[in-house]
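Some notes on the structure that comes next.
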Amino acid sequence: MKTLNIGMVGAGFMAKAHSLAYAGMPMYFWPAPALTHRKMIADITDESARIASQRLGFDAYTSNWRELVDNPDIDVVDIVTPNDSHAEIAIAAAQAGKHIISEKPLARTAAEAKTMLDAVKKAGVKHMVAFNYRKTPAVALAKKYIEEGSIGKILNFRGTYLQDWSADPNSPLSWRFQKSVAGSGALGDIGTHVVDFARYLVGEISEVMSTTQTWIPERPTQQGGIDKLGTVKSNAEAPMGKVDVDDEVSTLLRFDNGAVGSIEATRNAWGRNNFLTFEIHGEKGSLYFNYERRDELQVYFADDPADRNGFRTVYTGPAHPYGEGLWPIPALGLGYGDTKIIEIYDFVHAIVNGTDAAPNFDDGFQIAVITDAILESSKRNQWVKVNDLLP
């Protein structure tokens with residue numbers, strides 16, 4: 001069986017999630033398309049990289065990511081760094097002939113994402129952007145129902161991603177609040193997941209009408225280099241820094257196929273932890289999904305007999321997408337790590353079999369174009385055609 005050597009750039013939370021996925025993938029999906037070997041990890045300092053290599057199971061470490069990219073033994077470069085470094089690392093990795101998986105959003109702007117897409121196309125390497133929530137079996141099941149025509153022509157999409165980790169003004173000024181690093185705020189950080197759902201389940205978005213808001217204009221500067229989101233409060237003596245990205249975004253949508261919809265994303269919704277949802281209405285039924293109840297898909301089929309009309313709950317399990325590789329019975333409790341394992345399985349399968357991974361840099365680029373259009377619409381206070389923002 002083929003073995004792929006993994007080089008990972010970054011050693012934070014997402015490095016933990018991806019490392020777990022590489023270790024777990026052959027345990028879930030056997031025979032695996034290939035084995036993955038955690039070969040080298042890069043981080044900011046030698047010491048942090050050394051600790052990461054021990055903690056996450058990598059053979060070697062470095063504080064120079066270019067050393068990792070140039071290593072002839074590395075087959076795959078996995079990018080789990082803040083957004084401002086995605087492009088430089090991905091372009092160098094493509095030029096070195098490495099397959100690439102990058103955390104989302106792919107880049108800060110569509111123009112930056114285009115440079116990454118051009119690089120992987122020119123190099124002919126496989127590429128994936130890590131919108132792992134679409135790998136949730138209930139989401140894949142919704143896709144199956146839609147493609148089978150079970151809810152008919154889609155009329156409407158409603159999506160939300162609500163969190164509360166930055167609702168406290170004493171939460172530190174992490175890189176996620178800085179445009180130069182993140183590109184955008186709640187929109188790029190969490191809203192892009194909903195955009196990915198919309199494109200995956202309904203189709204291409206043609207036009208947007210949006211509004212954005214920054215609720216907390218300054219925050220205490222973060223002490224130390226580790227981004228812990230809202231789990232810690234800043235030192236009371238920490239100097240204040242400016243927030244120059246959106247805390248909240250709401251947008252109306254028009255799709256190429258005639259459907260309409262809306263997306264709402266905020267990190268300032270007290271009481272909402274990971275409230276990632278979609279509701280889709282078609283001519284013959286409806287679907288509803290809430291990631292906080294990720295084993296469940298709510299479905300309504302209009303052709304059910306009148307005496308049993310109503311939403312039913314489908315608990316995902318062996319009979320559903322990816323089910324044979326997960327647990328032996330439905331509703332045993334799918335976790336975040338499971339979606340990452342599925343993601344890595346799909347990526348490795350694409351590398352070994354010469355197929356396109358999904359979602360890939362094409363998807364990441366198109367989502368970046370939509371993100372740019374949403375921000376431009378908020379600035380202009382009018383509808384914006386997405387294709388008008390193509391770089």
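Labels for the structure tokens follow display order: chains A, B, ..., residues from 1 in each chain, ligands from 1.
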Subject >> DSSP alpha helix (DSSP H) selection over stretch 33-200 of chain A, as a ChimeraX atom specification >> reply: /A:46-56,65-70,86-95,110-123,137-148,179-182,186,192-200
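Counting only C-alpha atoms, A:Ala111 has the following residues at most 10 Å away, ignoring those fewer than 4 positions along the same chain: Ala107, Thr115, Met116, Leu117, Phe365, Ala368, Val369, Asp372, Leu389, Leu390 and Pro391 of chain A.
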Subject >> Those in stretch 55-292 of chain A with strand (DSSP E or B) from DSSP, as JSON, numbers by chain >> reply: {"A": [60, 61, 62, 76, 77, 78, 79, 99, 100, 101, 102, 127, 128, 129, 154, 155, 156, 157, 158, 159, 160, 161, 162, 173, 205, 206, 207, 208, 209, 210, 211, 212, 213, 218, 219, 220, 221, 240, 241, 242, 248, 249, 250, 251, 252, 253, 254, 255, 260, 261, 262, 263, 264, 265, 266, 275, 276, 277, 278, 279, 280, 281, 282, 285, 286, 287, 288, 289, 290]}
**OP:** For A:Thr109, work out the shell of residues within 10 Å, counting only C-alpha atoms and skipping chain neighbours fewer than 3 positions away, then give it as a list in words.
**Re:**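 My reading of the contact set: Asn83, Asp84, Pro105, Leu106, Glu112, Ala113, Lys114, Ala182, Gly183, Ser184, Gly188, Phe365, Ile367, Ala368, Val369, Ile370, Thr371, Asp372 and Pro391 of chain A.
Picture a line from atom CA of A:Thr212 to atom CA of A:Gly191; it runs 11.6 Å.
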**OP:** For A:Tyr133, list every protein, DNA or RNA residue within 12 Å, evaluated using only C-alpha atoms, and leave out those in the same chain fewer than 5 positions away; present the list as an MDAnalysis selection string.
**Re:** chainID A and resid 104 138:140 161 190 192:197 200 274 276:278 289:292 294 334:343 359
**OP:** Write out as a ChimeraX atom specification which residues come within 12 Å of A:Lys143 when counting only C-alpha atoms, dropping same-chain ones fewer than 4 positions away.
**Re:** /A:134-139,147-151,154,197-203,280,287-289,297,320-321
Could you write out that same residue set with N, CA and C atoms as a short mmCIF file (atom, residue, chain, number, x, y, z; two decimals), in the first residue's frame?
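The file below, selection.cif, is the result:
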data_model
loop_
_atom_site.label_atom_id
_atom_site.label_comp_id
_atom_site.auth_asym_id
_atom_site.auth_seq_id
_atom_site.Cartn_x
_atom_site.Cartn_y
_atom_site.Cartn_z
N ARG A 134 -18.88 20.37 5.17
CA ARG A 134 -19.64 19.70 4.11
C ARG A 134 -19.41 18.19 4.11
N LYS A 135 -18.39 17.73 4.85
CA LYS A 135 -18.13 16.30 4.95
C LYS A 135 -19.00 15.62 6.01
N THR A 136 -19.77 16.39 6.77
CA THR A 136 -20.69 15.81 7.74
C THR A 136 -21.68 14.91 7.00
N PRO A 137 -21.84 13.65 7.42
CA PRO A 137 -22.73 12.74 6.68
C PRO A 137 -24.13 13.28 6.46
N ALA A 138 -24.70 14.02 7.41
CA ALA A 138 -26.05 14.56 7.22
C ALA A 138 -26.08 15.58 6.10
N VAL A 139 -24.99 16.33 5.92
CA VAL A 139 -24.92 17.30 4.83
C VAL A 139 -24.80 16.57 3.49
N GLU A 147 -30.03 15.77 -5.19
CA GLU A 147 -29.68 15.25 -6.52
C GLU A 147 -30.66 14.21 -7.00
N GLU A 148 -31.28 13.48 -6.09
CA GLU A 148 -32.30 12.50 -6.46
C GLU A 148 -33.63 13.14 -6.82
N GLY A 149 -33.78 14.44 -6.53
CA GLY A 149 -35.03 15.13 -6.81
C GLY A 149 -36.07 14.97 -5.73
N SER A 150 -35.67 14.52 -4.54
CA SER A 150 -36.64 14.22 -3.49
C SER A 150 -37.38 15.46 -2.99
N ILE A 151 -36.76 16.65 -3.07
CA ILE A 151 -37.47 17.86 -2.67
C ILE A 151 -37.76 18.76 -3.87
N ILE A 154 -35.23 23.54 -6.17
CA ILE A 154 -34.97 24.34 -4.97
C ILE A 154 -35.42 25.78 -5.19
N PHE A 197 -21.78 25.70 1.90
CA PHE A 197 -23.02 24.93 1.92
C PHE A 197 -23.93 25.35 0.78
N ALA A 198 -24.10 26.67 0.61
CA ALA A 198 -25.02 27.19 -0.41
C ALA A 198 -24.60 26.73 -1.80
N ARG A 199 -23.32 26.83 -2.12
CA ARG A 199 -22.84 26.42 -3.44
C ARG A 199 -22.93 24.91 -3.61
N TYR A 200 -22.55 24.15 -2.58
CA TYR A 200 -22.54 22.70 -2.63
C TYR A 200 -23.95 22.14 -2.81
N LEU A 201 -24.92 22.72 -2.12
CA LEU A 201 -26.27 22.15 -2.10
C LEU A 201 -27.21 22.78 -3.12
N VAL A 202 -27.03 24.04 -3.44
CA VAL A 202 -27.99 24.74 -4.31
C VAL A 202 -27.39 25.08 -5.66
N GLY A 203 -26.19 25.66 -5.68
CA GLY A 203 -25.58 26.05 -6.95
C GLY A 203 -24.85 27.37 -6.83
N ILE A 280 -33.49 24.39 3.54
CA ILE A 280 -33.67 24.45 2.09
C ILE A 280 -35.10 24.05 1.75
N LEU A 287 -35.53 20.58 3.77
CA LEU A 287 -34.45 19.98 4.54
C LEU A 287 -33.97 20.99 5.57
N TYR A 288 -33.62 20.51 6.77
CA TYR A 288 -33.07 21.39 7.79
C TYR A 288 -31.94 20.67 8.51
N PHE A 289 -30.83 21.39 8.72
CA PHE A 289 -29.66 20.83 9.39
C PHE A 289 -29.11 21.83 10.38
N LEU A 297 -30.64 14.90 10.33
CA LEU A 297 -31.14 15.72 9.23
C LEU A 297 -32.66 15.72 9.32
N HIS A 320 -25.94 5.63 5.24
CA HIS A 320 -25.81 6.97 4.67
C HIS A 320 -24.38 7.26 4.22
N PRO A 321 -24.13 8.38 3.53
CA PRO A 321 -22.78 8.68 3.04
C PRO A 321 -21.72 8.56 4.13
#
Subject >> Counting only C-alpha atoms, the option among A:Val77, A:Leu68, A:Ile44, A:Val352 closest to A:Met1 >> reply: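 When distances to A:Met1 are compared using only C-alpha atoms, the smallest one comes from A:Val352.
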Original post:
Which of these, A:Gln178, A:Ser250, A:Met8, A:His37, has the shortest distance to A:Arg66 once you count only C-alpha atoms?
Top reply: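 Closest to A:Arg66, using only C-alpha atoms: A:Met8.
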Subject >> Distance in Å - atom CA of A:Gln382 versus atom CA of A:Ala259 >> reply: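 That distance, rounded to one decimal, is 19.1 Å.
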Original post:
Do you know which residues are at most 9 Å from A:Pro217 counting only C-alpha atoms, after dropping those on the same chain fewer than 2 positions away, and could you put them as a list in words?
Top reply: Thr214, Trp215, Arg219, Gly241, Lys242, Val243, Asp244 and Val245 of chain A
Subject >> Within 10 Å of A:Leu252 using only C-alpha atoms, minus same-chain residues under 3 positions, as a PyMOL selection string >> reply: chain A and resi 157-158+207-211+260-264+374+383
Just-selected residues, N, CA and C atoms written as a PDB file, in the first residue's frame:
ATOM      1  N   PHE A 157     -32.836  29.031   0.064  1.00  0.00           N
ATOM      2  CA  PHE A 157     -31.792  28.585   0.981  1.00  0.00           C
ATOM      3  C   PHE A 157     -31.651  29.611   2.092  1.00  0.00           C
ATOM      4  N   ARG A 158     -31.664  29.136   3.328  1.00  0.00           N
ATOM      5  CA  ARG A 158     -31.409  30.004   4.486  1.00  0.00           C
ATOM      6  C   ARG A 158     -30.281  29.390   5.286  1.00  0.00           C
ATOM      7  N   GLU A 207     -25.579  36.864  -7.338  1.00  0.00           N
ATOM      8  CA  GLU A 207     -25.743  38.257  -6.925  1.00  0.00           C
ATOM      9  C   GLU A 207     -25.975  38.310  -5.418  1.00  0.00           C
ATOM     10  N   VAL A 208     -25.475  39.365  -4.770  1.00  0.00           N
ATOM     11  CA  VAL A 208     -25.627  39.509  -3.318  1.00  0.00           C
ATOM     12  C   VAL A 208     -26.034  40.935  -2.967  1.00  0.00           C
ATOM     13  N   MET A 209     -26.747  41.038  -1.850  1.00  0.00           N
ATOM     14  CA  MET A 209     -27.096  42.331  -1.264  1.00  0.00           C
ATOM     15  C   MET A 209     -26.827  42.220   0.223  1.00  0.00           C
ATOM     16  N   SER A 210     -25.853  42.977   0.727  1.00  0.00           N
ATOM     17  CA  SER A 210     -25.275  42.656   2.024  1.00  0.00           C
ATOM     18  C   SER A 210     -25.159  43.858   2.942  1.00  0.00           C
ATOM     19  N   THR A 211     -25.040  43.546   4.232  1.00  0.00           N
ATOM     20  CA  THR A 211     -24.681  44.543   5.228  1.00  0.00           C
ATOM     21  C   THR A 211     -23.718  43.915   6.217  1.00  0.00           C
ATOM     22  N   VAL A 260     -33.439  31.748  -4.444  1.00  0.00           N
ATOM     23  CA  VAL A 260     -33.047  32.908  -3.653  1.00  0.00           C
ATOM     24  C   VAL A 260     -32.666  32.420  -2.260  1.00  0.00           C
ATOM     25  N   GLY A 261     -32.102  33.324  -1.455  1.00  0.00           N
ATOM     26  CA  GLY A 261     -31.732  32.883  -0.123  1.00  0.00           C
ATOM     27  C   GLY A 261     -31.112  33.976   0.709  1.00  0.00           C
ATOM     28  N   SER A 262     -30.578  33.562   1.860  1.00  0.00           N
ATOM     29  CA  SER A 262     -29.953  34.503   2.782  1.00  0.00           C
ATOM     30  C   SER A 262     -28.912  33.782   3.620  1.00  0.00           C
ATOM     31  N   ILE A 263     -27.923  34.546   4.083  1.00  0.00           N
ATOM     32  CA  ILE A 263     -26.879  34.050   4.974  1.00  0.00           C
ATOM     33  C   ILE A 263     -26.680  35.066   6.080  1.00  0.00           C
ATOM     34  N   GLU A 264     -26.546  34.563   7.298  1.00  0.00           N
ATOM     35  CA  GLU A 264     -26.230  35.401   8.448  1.00  0.00           C
ATOM     36  C   GLU A 264     -25.077  34.767   9.200  1.00  0.00           C
ATOM     37  N   ILE A 374     -19.704  40.333  -1.326  1.00  0.00           N
ATOM     38  CA  ILE A 374     -20.479  40.651  -0.126  1.00  0.00           C
ATOM     39  C   ILE A 374     -19.945  41.923   0.532  1.00  0.00           C
ATOM     40  N   TRP A 383     -27.218  45.839  -4.562  1.00  0.00           N
ATOM     41  CA  TRP A 383     -26.933  44.514  -5.118  1.00  0.00           C
ATOM     42  C   TRP A 383     -25.648  44.562  -5.945  1.00  0.00           C
TER      43      TRP A 383
END
Original post:
Between atom CA of A:Glu103 and atom CA of A:Lys121, what is the spacing in Å?
Top reply: 18.4 Å
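Distance annotation: of A:Met128, A:Ala11, A:Ile205, A:Leu253, the residue with the minimal separation from A:Val386 is A:Ile205; atom set is only C-alpha atoms.
For the choices A:Leu4, A:Leu187, A:Arg308, A:Ala21, the atom-to-atom distance to A:Tyr345 is smallest for A:Ala21 when using only C-alpha atoms.
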